[in-house]
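Listing of run14.txt; format and content: compact mmCIF, C-alpha atoms and all ligand atoms.
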```txt
# COMPACT_ATOMS: atom_id res chain seq x y z
CA MET G 1 34.70 61.31 -61.50
CA SER G 2 35.30 64.02 -64.10
CA ALA G 3 35.62 67.71 -63.23
CA GLN G 4 32.37 68.32 -65.11
CA LYS G 5 30.53 65.90 -62.86
CA ASN G 6 31.73 67.86 -59.85
CA THR G 7 29.81 70.91 -60.98
CA GLN G 8 26.78 69.31 -62.62
CA LYS G 9 23.81 68.94 -60.29
CA VAL G 10 22.61 65.45 -59.47
CA ALA G 11 18.97 64.50 -58.92
CA LEU G 12 17.45 61.21 -57.76
CA VAL G 13 13.81 60.46 -58.57
CA THR G 14 12.11 57.37 -57.16
CA GLY G 15 9.40 55.42 -58.99
CA ALA G 16 10.69 56.84 -62.23
CA ASN G 17 10.34 54.05 -64.77
CA LYS G 18 6.97 55.45 -65.86
CA GLY G 19 4.28 58.02 -65.16
CA LEU G 20 5.11 61.19 -63.27
CA GLY G 21 8.52 60.00 -62.11
CA PHE G 22 9.69 59.35 -65.66
CA GLU G 23 8.50 62.75 -66.80
CA ILE G 24 10.15 64.48 -63.81
CA CYS G 25 13.43 62.80 -64.84
CA ARG G 26 12.98 64.02 -68.41
CA GLN G 27 12.34 67.61 -67.36
CA LEU G 28 15.19 67.67 -64.84
CA GLY G 29 17.47 66.21 -67.51
CA HIS G 30 16.50 69.02 -69.88
CA ASN G 31 17.37 71.46 -67.10
CA GLY G 32 20.93 70.17 -67.00
CA PHE G 33 20.78 67.67 -64.14
CA VAL G 34 22.49 64.32 -64.10
CA VAL G 35 19.45 62.21 -63.29
CA LEU G 36 19.42 59.00 -61.30
CA LEU G 37 16.27 57.24 -62.45
CA GLY G 38 15.13 55.15 -59.50
CA ALA G 39 13.08 52.04 -60.19
CA ARG G 40 12.53 48.73 -58.42
CA ASP G 41 12.62 46.59 -61.55
CA GLU G 42 15.94 46.47 -63.35
CA LYS G 43 14.52 45.82 -66.80
CA ARG G 44 11.87 48.53 -66.61
CA GLY G 45 14.34 50.98 -65.08
CA GLN G 46 17.09 50.32 -67.63
CA GLY G 47 14.57 50.64 -70.45
CA ALA G 48 13.25 53.96 -69.18
CA ALA G 49 16.76 55.35 -68.65
CA ALA G 50 17.80 54.24 -72.15
CA GLU G 51 14.83 56.11 -73.63
CA LEU G 52 15.98 59.35 -72.00
CA VAL G 53 19.63 58.77 -72.89
CA GLN G 54 18.48 58.47 -76.51
CA GLN G 55 17.03 61.96 -76.15
CA GLY G 56 20.52 63.20 -75.29
CA LEU G 57 20.05 63.36 -71.51
CA ASP G 58 22.48 62.19 -68.81
CA VAL G 59 20.25 59.65 -67.08
CA ARG G 60 21.35 56.53 -65.18
CA PHE G 61 19.19 53.77 -63.78
CA LEU G 62 19.51 53.25 -60.03
CA LYS G 63 17.73 50.35 -58.38
CA ILE G 64 15.48 51.68 -55.61
CA ASP G 65 12.86 49.29 -54.28
CA MET G 66 10.86 50.97 -51.54
CA ASP G 67 10.13 47.52 -50.11
CA ASN G 68 13.83 46.60 -49.91
CA PRO G 69 16.04 48.89 -47.78
CA ALA G 70 19.15 47.04 -48.97
CA THR G 71 18.67 48.92 -52.25
CA PHE G 72 18.91 52.22 -50.32
CA ASN G 73 22.33 51.26 -48.99
CA ALA G 74 23.50 50.25 -52.45
CA ALA G 75 22.23 53.58 -53.83
CA CYS G 76 24.20 55.44 -51.15
CA ALA G 77 27.34 53.53 -52.07
CA TYR G 78 26.79 54.40 -55.74
CA ILE G 79 26.34 58.12 -55.01
CA ARG G 80 29.46 58.09 -52.82
CA GLN G 81 31.49 56.45 -55.55
CA GLU G 82 30.18 58.33 -58.59
CA PHE G 83 29.46 61.78 -57.20
CA GLY G 84 31.72 62.12 -54.18
CA GLY G 85 28.78 61.69 -51.81
CA ARG G 86 26.84 64.72 -53.00
CA LEU G 87 23.20 64.79 -54.04
CA ASP G 88 21.39 68.00 -54.98
CA VAL G 89 17.80 66.86 -55.41
CA LEU G 90 15.69 64.01 -54.07
CA VAL G 91 12.20 63.59 -55.50
CA ASN G 92 10.29 61.07 -53.39
CA ASN G 93 7.82 60.11 -56.11
CA ALA G 94 7.31 56.33 -55.80
CA GLY G 95 3.91 55.58 -54.36
CA ILE G 96 1.06 53.09 -54.36
CA ALA G 97 -2.70 53.47 -54.19
CA ILE G 98 -4.14 50.01 -53.58
CA ASP G 99 -7.21 50.65 -51.44
CA TRP G 100 -9.74 52.31 -53.75
CA GLY G 101 -13.21 51.31 -52.60
CA TYR G 102 -12.22 51.00 -48.93
CA LYS G 103 -13.03 53.73 -46.46
CA ALA G 104 -11.73 54.10 -42.90
CA ASP G 105 -14.38 51.75 -41.54
CA SER G 106 -13.35 48.80 -43.68
CA VAL G 107 -9.84 49.10 -45.08
CA PRO G 108 -8.04 45.79 -44.51
CA MET G 109 -5.11 46.19 -42.11
CA GLU G 110 -2.75 44.55 -44.55
CA MET G 111 -3.55 47.23 -47.18
CA LEU G 112 -3.16 49.99 -44.62
CA ARG G 113 0.20 48.62 -43.48
CA GLN G 114 1.50 48.06 -47.01
CA THR G 115 0.47 51.55 -48.10
CA PHE G 116 2.19 53.19 -45.13
CA GLU G 117 5.25 50.99 -45.57
CA THR G 118 5.78 52.11 -49.18
CA ASN G 119 4.41 55.68 -49.13
CA PHE G 120 5.63 56.71 -45.68
CA PHE G 121 8.06 54.55 -43.65
CA ALA G 122 10.32 53.55 -46.53
CA LEU G 123 10.31 57.09 -47.88
CA ILE G 124 11.53 58.43 -44.53
CA ASP G 125 14.17 55.72 -44.27
CA LEU G 126 15.50 56.54 -47.75
CA THR G 127 15.42 60.29 -47.10
CA GLN G 128 17.33 59.96 -43.82
CA LYS G 129 19.96 57.80 -45.49
CA LEU G 130 20.42 60.38 -48.27
CA LEU G 131 20.46 63.42 -45.99
CA PRO G 132 24.24 63.52 -45.47
CA PHE G 133 24.62 63.74 -49.26
CA LEU G 134 21.95 66.43 -49.63
CA LEU G 135 23.64 68.45 -46.89
CA ARG G 136 26.79 68.52 -49.04
CA SER G 137 24.89 70.30 -51.79
CA PRO G 138 24.90 74.11 -51.79
CA ALA G 139 21.18 73.95 -52.64
CA GLY G 140 19.70 70.62 -51.51
CA ARG G 141 16.03 70.15 -52.42
CA ILE G 142 13.67 67.44 -51.22
CA VAL G 143 10.33 67.11 -52.99
CA ASN G 144 7.72 64.81 -51.49
CA GLN G 145 5.19 63.78 -54.11
CA SER G 146 2.02 64.12 -52.11
CA SER G 147 -1.57 64.61 -53.30
CA ILE G 148 -4.42 66.98 -52.60
CA LEU G 149 -6.02 63.79 -51.22
CA GLY G 150 -3.66 64.16 -48.26
CA SER G 151 -5.29 67.45 -47.32
CA LEU G 152 -7.15 67.12 -44.01
CA SER G 153 -8.71 70.55 -44.60
CA MET G 154 -10.29 69.30 -47.82
CA HIS G 155 -11.44 65.99 -46.32
CA SER G 156 -13.03 67.68 -43.33
CA ASP G 157 -15.01 70.03 -45.61
CA PRO G 158 -18.25 68.31 -46.72
CA ASP G 159 -18.41 70.65 -49.74
CA SER G 160 -14.95 69.81 -51.08
CA GLY G 161 -16.31 67.25 -53.58
CA PHE G 162 -14.07 64.53 -52.11
CA GLU G 163 -16.82 62.08 -51.14
CA GLN G 164 -15.91 59.62 -53.94
CA LEU G 165 -12.22 59.86 -53.06
CA LYS G 166 -12.06 58.44 -49.54
CA ALA G 167 -9.49 55.65 -50.02
CA PHE G 168 -8.34 55.90 -46.42
CA ALA G 169 -4.95 54.20 -46.57
CA TYR G 170 -3.74 56.22 -49.55
CA ASN G 171 -5.15 59.51 -48.31
CA ALA G 172 -3.83 59.09 -44.75
CA SER G 173 -0.39 58.06 -46.07
CA LYS G 174 -0.21 61.36 -47.96
CA SER G 175 -1.40 63.31 -44.88
CA ALA G 176 1.40 61.62 -42.92
CA LEU G 177 3.83 62.46 -45.71
CA ASN G 178 2.78 66.10 -45.42
CA ALA G 179 3.54 65.91 -41.69
CA PHE G 180 7.02 64.64 -42.60
CA THR G 181 7.47 67.62 -44.94
CA ILE G 182 6.63 70.11 -42.20
CA HIS G 183 8.72 68.43 -39.51
CA LEU G 184 11.72 67.76 -41.74
CA ALA G 185 11.77 71.32 -43.07
CA GLN G 186 11.84 72.58 -39.48
CA ALA G 187 14.50 70.05 -38.44
CA LEU G 188 16.65 71.30 -41.34
CA SER G 189 16.12 75.02 -40.81
CA GLY G 190 19.53 76.59 -40.68
CA THR G 191 20.73 74.40 -43.56
CA ALA G 192 20.48 75.10 -47.29
CA ILE G 193 17.97 72.27 -47.77
CA LYS G 194 14.37 73.03 -48.70
CA VAL G 195 11.64 70.44 -48.22
CA ASN G 196 8.21 70.71 -49.82
CA SER G 197 5.16 68.63 -50.68
CA ALA G 198 3.84 68.64 -54.24
CA HIS G 199 0.39 67.88 -55.61
CA PRO G 200 0.83 67.07 -59.29
CA GLY G 201 -2.80 67.60 -60.32
CA ASP G 202 -5.23 65.01 -61.68
CA VAL G 203 -2.73 63.31 -63.97
CA GLN G 204 -3.35 60.54 -66.47
CA THR G 205 -1.01 57.67 -65.56
CA ASP G 206 -1.31 53.93 -64.98
CA ALA G 207 -2.37 54.78 -61.41
CA ASN G 208 -5.07 57.22 -62.60
CA LYS G 209 -6.42 56.17 -65.97
CA HIS G 210 -9.05 58.95 -66.03
CA GLY G 211 -6.70 61.77 -65.11
CA GLN G 212 -7.42 65.10 -66.77
CA ILE G 213 -3.91 66.40 -67.46
CA SER G 214 -0.76 64.97 -69.04
CA ALA G 215 2.29 63.75 -67.13
CA GLU G 216 4.18 66.61 -68.77
CA GLU G 217 1.87 69.11 -67.07
CA GLY G 218 1.74 67.08 -63.84
CA ALA G 219 5.53 66.97 -63.46
CA LYS G 220 5.82 70.75 -63.40
CA THR G 221 5.16 71.26 -59.68
CA ALA G 222 7.77 68.75 -58.53
CA VAL G 223 10.33 70.06 -61.04
CA ALA G 224 9.79 73.67 -59.94
CA LEU G 225 10.20 72.66 -56.27
CA ALA G 226 13.35 70.71 -57.16
CA MET G 227 14.84 73.87 -58.64
CA LEU G 228 13.72 76.45 -56.08
CA PRO G 229 16.03 79.43 -55.69
CA ALA G 230 17.75 80.20 -52.37
CA ASP G 231 14.89 82.45 -51.28
CA GLY G 232 12.25 79.84 -52.22
CA ALA G 233 9.74 78.23 -49.88
CA THR G 234 10.38 75.41 -47.45
CA GLY G 235 7.89 73.39 -45.43
CA GLY G 236 5.12 74.14 -47.96
CA TYR G 237 2.47 72.23 -49.91
CA PHE G 238 1.99 73.31 -53.51
CA TYR G 239 0.22 72.80 -56.80
CA LEU G 240 2.20 74.83 -59.34
CA ASP G 241 2.81 78.11 -57.51
CA LYS G 242 -0.40 77.86 -55.48
CA SER G 243 -0.16 77.03 -51.78
CA LEU G 244 -2.57 74.25 -50.72
CA PRO G 245 -4.42 73.84 -47.39
CA TRP G 246 -2.86 71.13 -45.18
N1 LIG M 1 -1.53 60.47 -61.16
C1 LIG M 1 -2.11 61.35 -60.34
O1 LIG M 1 -3.16 61.98 -60.65
C2 LIG M 1 -1.53 61.62 -58.99
C3 LIG M 1 -2.18 62.55 -58.17
C4 LIG M 1 -1.63 62.82 -56.91
C5 LIG M 1 -0.47 62.20 -56.51
N2 LIG M 1 0.15 61.28 -57.32
C6 LIG M 1 1.37 60.64 -56.82
O2 LIG M 1 2.37 60.70 -57.81
C7 LIG M 1 3.29 59.60 -57.65
C8 LIG M 1 3.48 58.90 -58.98
O3 LIG M 1 2.23 58.39 -59.40
P1 LIG M 1 1.86 58.06 -60.91
O4 LIG M 1 0.48 58.59 -61.11
O5 LIG M 1 2.96 58.43 -61.82
O6 LIG M 1 1.71 56.47 -60.79
P2 LIG M 1 2.35 55.25 -61.62
O7 LIG M 1 2.38 55.56 -63.06
O8 LIG M 1 1.62 54.05 -61.11
O9 LIG M 1 3.86 55.22 -61.11
C9 LIG M 1 4.18 54.82 -59.81
C10 LIG M 1 5.66 54.55 -59.75
O10 LIG M 1 5.98 54.16 -58.42
C11 LIG M 1 6.70 52.94 -58.49
N3 LIG M 1 6.57 52.13 -57.30
C12 LIG M 1 5.46 51.65 -56.70
N4 LIG M 1 5.78 50.90 -55.63
C13 LIG M 1 7.13 50.90 -55.55
C14 LIG M 1 8.07 50.31 -54.69
N5 LIG M 1 7.69 49.53 -53.67
N6 LIG M 1 9.39 50.55 -54.89
C15 LIG M 1 9.78 51.34 -55.91
N7 LIG M 1 8.96 51.90 -56.78
C16 LIG M 1 7.64 51.70 -56.60
C17 LIG M 1 6.15 52.23 -59.71
O11 LIG M 1 7.04 51.20 -60.14
P3 LIG M 1 6.50 49.88 -60.93
O12 LIG M 1 6.31 50.30 -62.36
O13 LIG M 1 7.60 48.92 -60.72
O14 LIG M 1 5.21 49.47 -60.28
C18 LIG M 1 6.08 53.41 -60.66
O15 LIG M 1 7.35 53.68 -61.20
C19 LIG M 1 2.69 58.71 -56.55
O16 LIG M 1 3.32 59.01 -55.32
C20 LIG M 1 1.24 59.15 -56.52
O17 LIG M 1 0.64 58.96 -55.24
C21 LIG M 1 -0.37 60.98 -58.54
```
The structure in this file should be written as structure tokens.
Ligand SMILES: NC(=O)c1ccc[n+]([C@@H]2O[C@H](COP(=O)([O-])OP(=O)(O)OC[C@H]3O[C@@H](n4cnc5c(N)ncnc54)[C@H](OP(=O)(O)O)[C@@H]3O)[C@@H](O)[C@H]2O)c1
Amino acid sequence: MSAQKNTQKVALVTGANKGLGFEICRQLGHNGFVVLLGARDEKRGQGAAAELVQQGLDVRFLKIDMDNPATFNAACAYIRQEFGGRLDVLVNNAGIAIDWGYKADSVPMEMLRQTFETNFFALIDLTQKLLPFLLRSPAGRIVNQSSILGSLSMHSDPDSGFEQLKAFAYNASKSALNAFTIHLAQALSGTAIKVNSAHPGDVQTDANKHGQISAEEGAKTAVALAMLPADGATGGYFYLDKSLPW
């Protein structure tokens, strides 16, 4: 490990071969981070990392499959070896939305379980495994890529305009993720780590073909939370600098 790498901040972004994750990597790279581009598929991940390296950024592919915890252990070993066991930023971005059209009265259990496995249980497992590394950073930041669709306040308001957006598994997985944000931030009070949930906006990606804003715009909230100053928020839920109702 070179002396330069000792001082350069290191960020890991999951689900980063495309969409918001890719763009978050690009923006963090432009802000001087060494970026570990997490992706489950080696070819897609290597290709995405190569695209950013071509733009002059220090980006390395790291295999992270949310459905395969063995990849979490391998990622830990890599961070130990390459960066002395320090990680400055974790952006938990990988996520699935597979239950559009199913409300709480009909969502198949398999879809509910799969959604929670990827969007919630695996995310917590990975985060806990990386915590010792984040604690070694002078300014550890954890960003949970949530959604306004995780907001129970919005869902319980009949005037929120959410009636067409009741995919229960996805929405509940993001509500649960928000609970993790709150609890983890409190568990880590007294450390330098800040933990926040981000809503990226209504972003055009493969997961949301009719999104209204670009990935470049959508990445801004997560990137800002990844780079919060020492007096920044923790245990919050944000879209840009606006606080959202839980
Ligand atoms: N787009 C929006 O408007 C919007 C709004 C609110 C929240 N979000 C959240 O933003 C995040 C990114 O979404 P996106 O819109 O950028 O979607 P996307 O383009 O579909 O990207 C999703 C990423 O997650 C990865 N992924 C899915 N399952 C995985 C697994 N088991 N292991 C590892 N990686 C996995 C995908 O990898 P593959 O390419 O291999 O499938 C892909 O890289 C998600 O958490 C989503 O819920 C998006």
Residue neighbourhood region 71-81 of chain G, 12 Å, only C-alpha atoms, exclusion window fewer than 3 positions, as a ChimeraX atom specification: /G:1,5,10-14,34-42,60-68,84-88,122-134,136
Tell me, as a VMD selection string, which residues lie within 9 Å of Glu217 (chain G), counting only C-alpha atoms; anything in the same chain fewer than 5 positions away does not count. chain G and resid 200 to 201 203
Can I get the residues close to ligand LIG 1 (chain M) as a ChimeraX atom specification, where close means within 8 Å and we count all atoms listed in the file? /G:14-22,38-41,44,64-68,92-97,118-119,145-149,170,174,199-208,211,215,218
Could you check how far CA of Ser175 (chain G) sits from CA of Arg26 (chain G), in Å to one decimal?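 Distance between the two atoms: 27.6 Å.
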List the neighbours of region 232-242 of chain G out to 6 Å using all atoms listed in the file; skip same-chain residues closer than 2 positions along the sequence, and give me the result as a PyMOL selection string. chain G and resi 181-182+185+194-199+221+228-230+244
Quote the spacing between CA of Met109 (chain G) and CA of Asn178 (chain G) in Å to one decimal place.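 Atom-to-atom, CA of Met109 (chain G) and CA of Asn178 (chain G) are spaced 21.7 Å apart.
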So that I can check the surroundings of Asn171 (chain G), please list as an NGL selection string every protein, DNA and RNA residue that reaches within 12 Å of it, counting only C-alpha atoms and ignoring chain neighbours fewer than 5 positions away. :G and (95-100 or 102-104 or 107 or 112 or 115-116 or 119-120 or 146-152 or 154-155 or 162 or 165-166 or 176-178)
Please indicate the distance in Å from CA of Gln27 (chain G) to CA of Lys43 (chain G), rounded to one decimal place. 21.9 Å
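Of the listed residues (G:Ala192, G:Ala70, G:Ala169, G:Cys25), G:Cys25 comes nearest to Ala48 (chain G); the distances count all atoms listed in the file.
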As AutoDock Vina command-line options, please: the centre and edge lengths in Å, to one decimal, of an axis-aligned box enclosing every listed atom of region 170-182 of chain G with 5 Å added on each side.
```
--center_x 1.2 --center_y 63.2 --center_z -45.6 --size_x 22.6 --size_y 23.9 --size_z 17.9
```
Could you check which of G:Pro69, G:Val91, G:Thr191, G:Ala172 is closest to Glu23 (chain G), using only C-alpha atoms?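 Going through G:Pro69, G:Val91, G:Thr191, G:Ala172 one by one, the smallest distance to Glu23 (chain G) is for G:Val91.
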I need the residue nearest Leu188 (chain G) from this list: G:Leu52, G:Ile24, G:Ile142, G:Leu225. Use only C-alpha atoms for the distance.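 Checking each of G:Leu52, G:Ile24, G:Ile142, G:Leu225 against Leu188 (chain G), counting only C-alpha atoms, the winner is G:Ile142.
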